[in-house]
Amino acid sequence: ADRLKDKVAIVTGAASGIGAATATLFAKEGAKVVVADINQQGGAQVVESIRSAGGIADFVRADVSKHADIRAMIEFAVKTYGGLDVLVNNAGLEITKNEVDTTEEEWDRVFDVNVKGVFLATKYAVPEMKKRGGGSIVNISSAYGIVASNGFAAYHASKAAVRHLTKATALAHIKEGIRANVICPGVIDTPMLQAAYKNAMDPVAMEEIFLRGQPIGRAGRPEELAYGCLFLASDESSFCVGADLSIDGGFVAQ
Ligand code: NAD
């Protein structure tokens, strides 16, 4: 239980799903965790459950698309825990619409959260990681950042952008001991997935594709993503630089 001993980690979008599982696992492995989200109630619950298991965590309300929120989030980690070693850019937003139906506002919101949020957090995390002699940035893209499908125009484009941004970050800062890698989750059973079913043009067909249409025959669990984040966050992945880690039950291998 010490794979992240004494590390300070920020996990964005940590009030729910993959982020909540990741924050919880990081705390179990000895990290001091900043649980960042726009969802105060969910975030507070995650913090409470980490603390009741003996872990260290605090909630920060941060909208990752807002410059001031990101600065405050990074500052909070540094002031409260003394520095920053790990950043997991997990907060994300999905709009289940094609190019014709997507409004300009929806497009901008998806890119502001999914792409600009990663840029801003990275921008302010890197100088703090430099002060510690290094760090690890883990960005959550999607299997749909590798392959595309019908009906998710802005989302898929944003997730492809995250993969490329991660590689640029990795190459820019490797000499400073800062590694950046990307995880591409397949279909994971979280509230986001449930919402995608509900909003789909044909919810039953969508559920069939997502669950039984996967090579492994089921959706993934948030914990199965958290273990990937743990590996990339820890020093065990010291030779991983700009890597894509697919955790998708065989989805992109098809
Ligand atoms: P989720 O909806 O359960 O959790 C996302 C969290 O992000 C929520 O707590 C939400 O409040 C938070 N959030 C949204 N906008 C935010 C903002 N502007 N600032 C801060 N927090 C914000 O979703 P999840 O399935 O756990 O998704 C986590 C990440 O994994 C996302 O980036 C998503 O795109 C990606 N992903 C999910 C799946 C899947 O099948 N569930 C597949 C591939 C990729």
# chains A, B, ... in the order shown; residues from 1 in each chain; ligands from 1
>>> residues_near_ligand(ligand="ligand 1", cutoff="7 Å", atoms="only C-alpha atoms and all ligand atoms", output="VMD selection string")
chain A and resid 12 to 19 36 to 39 62 to 65 90 to 94 113 to 114 140 to 144 184 to 193 222
>>> residues_around(residues="Glu106 in chain A", least_positions_apart="4", cutoff="10 Å", atoms="only C-alpha atoms", output="VMD selection string")
chain A and resid 94 to 95 97 101 to 102 110 to 112 154 to 155
>>> residues_around(residues="Gly134 in chain A", least_positions_apart="6", cutoff="12 Å", atoms="only C-alpha atoms", output="list in words")
Lys7, Gly83, Leu84, Asp85, Val86, Leu87, Ala125, Val126, Pro127, Glu128, Ala170, His173, Ile174, Lys175, Glu176, Gly177, Ile178, Arg179, Ala180, Ala233, Ser234, Asp235 and Ser238 of chain A
>>> write_last_selection(atoms="N, CA and C atoms", output="CSV table (one decimal), in the first residue's frame")
chain,number,residue,atom,x,y,z
A,7,LYS,N,3.6,11.0,-2.2
A,7,LYS,CA,3.4,11.8,-3.4
A,7,LYS,C,2.1,12.6,-3.2
A,83,GLY,N,3.6,20.6,-2.3
A,83,GLY,CA,4.1,20.4,-3.6
A,83,GLY,C,3.2,19.7,-4.5
A,84,LEU,N,3.7,19.3,-5.7
A,84,LEU,CA,2.8,18.5,-6.6
A,84,LEU,C,3.7,17.5,-7.4
A,85,ASP,N,3.3,16.2,-7.3
A,85,ASP,CA,4.0,15.2,-8.0
A,85,ASP,C,3.2,14.5,-9.2
A,86,VAL,N,1.9,14.5,-9.0
A,86,VAL,CA,1.1,13.7,-10.0
A,86,VAL,C,-0.2,14.5,-10.3
A,87,LEU,N,-0.5,14.6,-11.6
A,87,LEU,CA,-1.7,15.2,-12.1
A,87,LEU,C,-2.4,14.3,-13.0
A,125,ALA,N,0.8,23.0,-13.6
A,125,ALA,CA,1.4,21.8,-12.8
A,125,ALA,C,2.9,21.7,-13.1
A,126,VAL,N,3.3,21.9,-14.3
A,126,VAL,CA,4.7,21.6,-14.7
A,126,VAL,C,5.7,22.4,-13.9
A,127,PRO,N,5.5,23.7,-13.7
A,127,PRO,CA,6.5,24.5,-12.9
A,127,PRO,C,6.6,23.9,-11.4
A,128,GLU,N,5.4,23.5,-10.9
A,128,GLU,CA,5.5,22.9,-9.5
A,128,GLU,C,6.2,21.6,-9.5
A,170,ALA,N,4.8,15.4,-23.2
A,170,ALA,CA,5.8,14.4,-22.8
A,170,ALA,C,7.2,14.8,-23.3
A,173,HIS,N,8.9,18.0,-21.7
A,173,HIS,CA,9.3,18.1,-20.3
A,173,HIS,C,10.1,16.9,-19.8
A,174,ILE,N,10.4,16.0,-20.7
A,174,ILE,CA,11.1,14.8,-20.3
A,174,ILE,C,12.4,15.0,-19.6
A,175,LYS,N,13.1,16.1,-20.1
A,175,LYS,CA,14.5,16.4,-19.6
A,175,LYS,C,14.3,17.0,-18.2
A,176,GLU,N,13.1,17.4,-17.8
A,176,GLU,CA,12.9,17.9,-16.5
A,176,GLU,C,12.4,16.8,-15.5
A,177,GLY,N,12.4,15.6,-16.0
A,177,GLY,CA,11.9,14.5,-15.2
A,177,GLY,C,10.4,14.4,-15.1
A,178,ILE,N,9.7,15.1,-16.0
A,178,ILE,CA,8.3,15.1,-15.9
A,178,ILE,C,7.8,14.2,-17.1
A,179,ARG,N,7.1,13.1,-16.7
A,179,ARG,CA,6.5,12.2,-17.8
A,179,ARG,C,5.1,12.5,-18.0
A,180,ALA,N,4.6,12.4,-19.2
A,180,ALA,CA,3.2,12.5,-19.5
A,180,ALA,C,2.8,11.3,-20.4
A,233,ALA,N,1.2,6.9,-12.8
A,233,ALA,CA,1.5,7.9,-11.8
A,233,ALA,C,2.7,7.6,-11.0
A,234,SER,N,3.0,6.3,-10.8
A,234,SER,CA,4.1,5.8,-10.0
A,234,SER,C,5.4,5.8,-10.7
A,235,ASP,N,6.5,5.6,-9.9
A,235,ASP,CA,7.8,5.5,-10.5
A,235,ASP,C,8.0,4.2,-11.3
A,238,SER,N,8.7,4.5,-15.1
A,238,SER,CA,9.7,5.5,-15.3
A,238,SER,C,10.2,5.5,-16.8
>>> residues_around(residues="Ile216 in chain A", least_positions_apart="5", cutoff="12 Å", atoms="only C-alpha atoms", output="ChimeraX atom specification")
/A:186-187,210-211,247-254
>>> write_last_selection(atoms="N, CA and C atoms", output="short mmCIF file (atom, residue, chain, number, x, y, z; two decimals), in the first residue's frame")
data_model
loop_
_atom_site.label_atom_id
_atom_site.label_comp_id
_atom_site.auth_asym_id
_atom_site.auth_seq_id
_atom_site.Cartn_x
_atom_site.Cartn_y
_atom_site.Cartn_z
N GLY A 186 -11.92 2.12 -22.81
CA GLY A 186 -13.04 1.69 -23.65
C GLY A 186 -14.33 2.03 -22.94
N VAL A 187 -15.28 1.12 -23.02
CA VAL A 187 -16.59 1.36 -22.41
C VAL A 187 -16.52 1.02 -20.92
N PHE A 210 -22.52 -1.27 -26.56
CA PHE A 210 -21.54 -0.95 -25.53
C PHE A 210 -21.24 -2.14 -24.61
N LEU A 211 -22.25 -2.93 -24.31
CA LEU A 211 -22.00 -4.01 -23.35
C LEU A 211 -21.61 -5.30 -24.05
N ILE A 247 -7.09 0.66 -22.16
CA ILE A 247 -7.72 -0.22 -21.16
C ILE A 247 -9.16 -0.32 -21.61
N ASP A 248 -9.41 -1.30 -22.49
CA ASP A 248 -10.67 -1.25 -23.24
C ASP A 248 -11.26 -2.61 -23.58
N GLY A 249 -10.82 -3.66 -22.91
CA GLY A 249 -11.42 -4.97 -23.16
C GLY A 249 -11.29 -5.44 -24.59
N GLY A 250 -10.29 -4.93 -25.31
CA GLY A 250 -10.03 -5.38 -26.68
C GLY A 250 -10.68 -4.52 -27.75
N PHE A 251 -11.32 -3.44 -27.34
CA PHE A 251 -12.10 -2.62 -28.29
C PHE A 251 -11.30 -2.14 -29.50
N VAL A 252 -10.14 -1.53 -29.28
CA VAL A 252 -9.41 -1.01 -30.45
C VAL A 252 -8.51 -2.07 -31.10
N ALA A 253 -8.43 -3.24 -30.48
CA ALA A 253 -7.64 -4.32 -31.08
C ALA A 253 -8.43 -5.02 -32.20
N GLN A 254 -9.74 -4.75 -32.29
CA GLN A 254 -10.59 -5.46 -33.25
C GLN A 254 -10.19 -5.15 -34.68
#
>>> select_by_dssp(residues="range 165-209 of chain A", states="alpha helix (DSSP H)", output="list in words")
Leu165, Thr166, Lys167, Ala168, Thr169, Ala170, Leu171, Ala172, His173, Pro191, Met192, Leu193, Gln194, Ala195, Ala196, Tyr197, Lys198, Asn199, Pro203, Val204, Ala205, Met206, Glu207, Glu208 and Ile209 of chain A
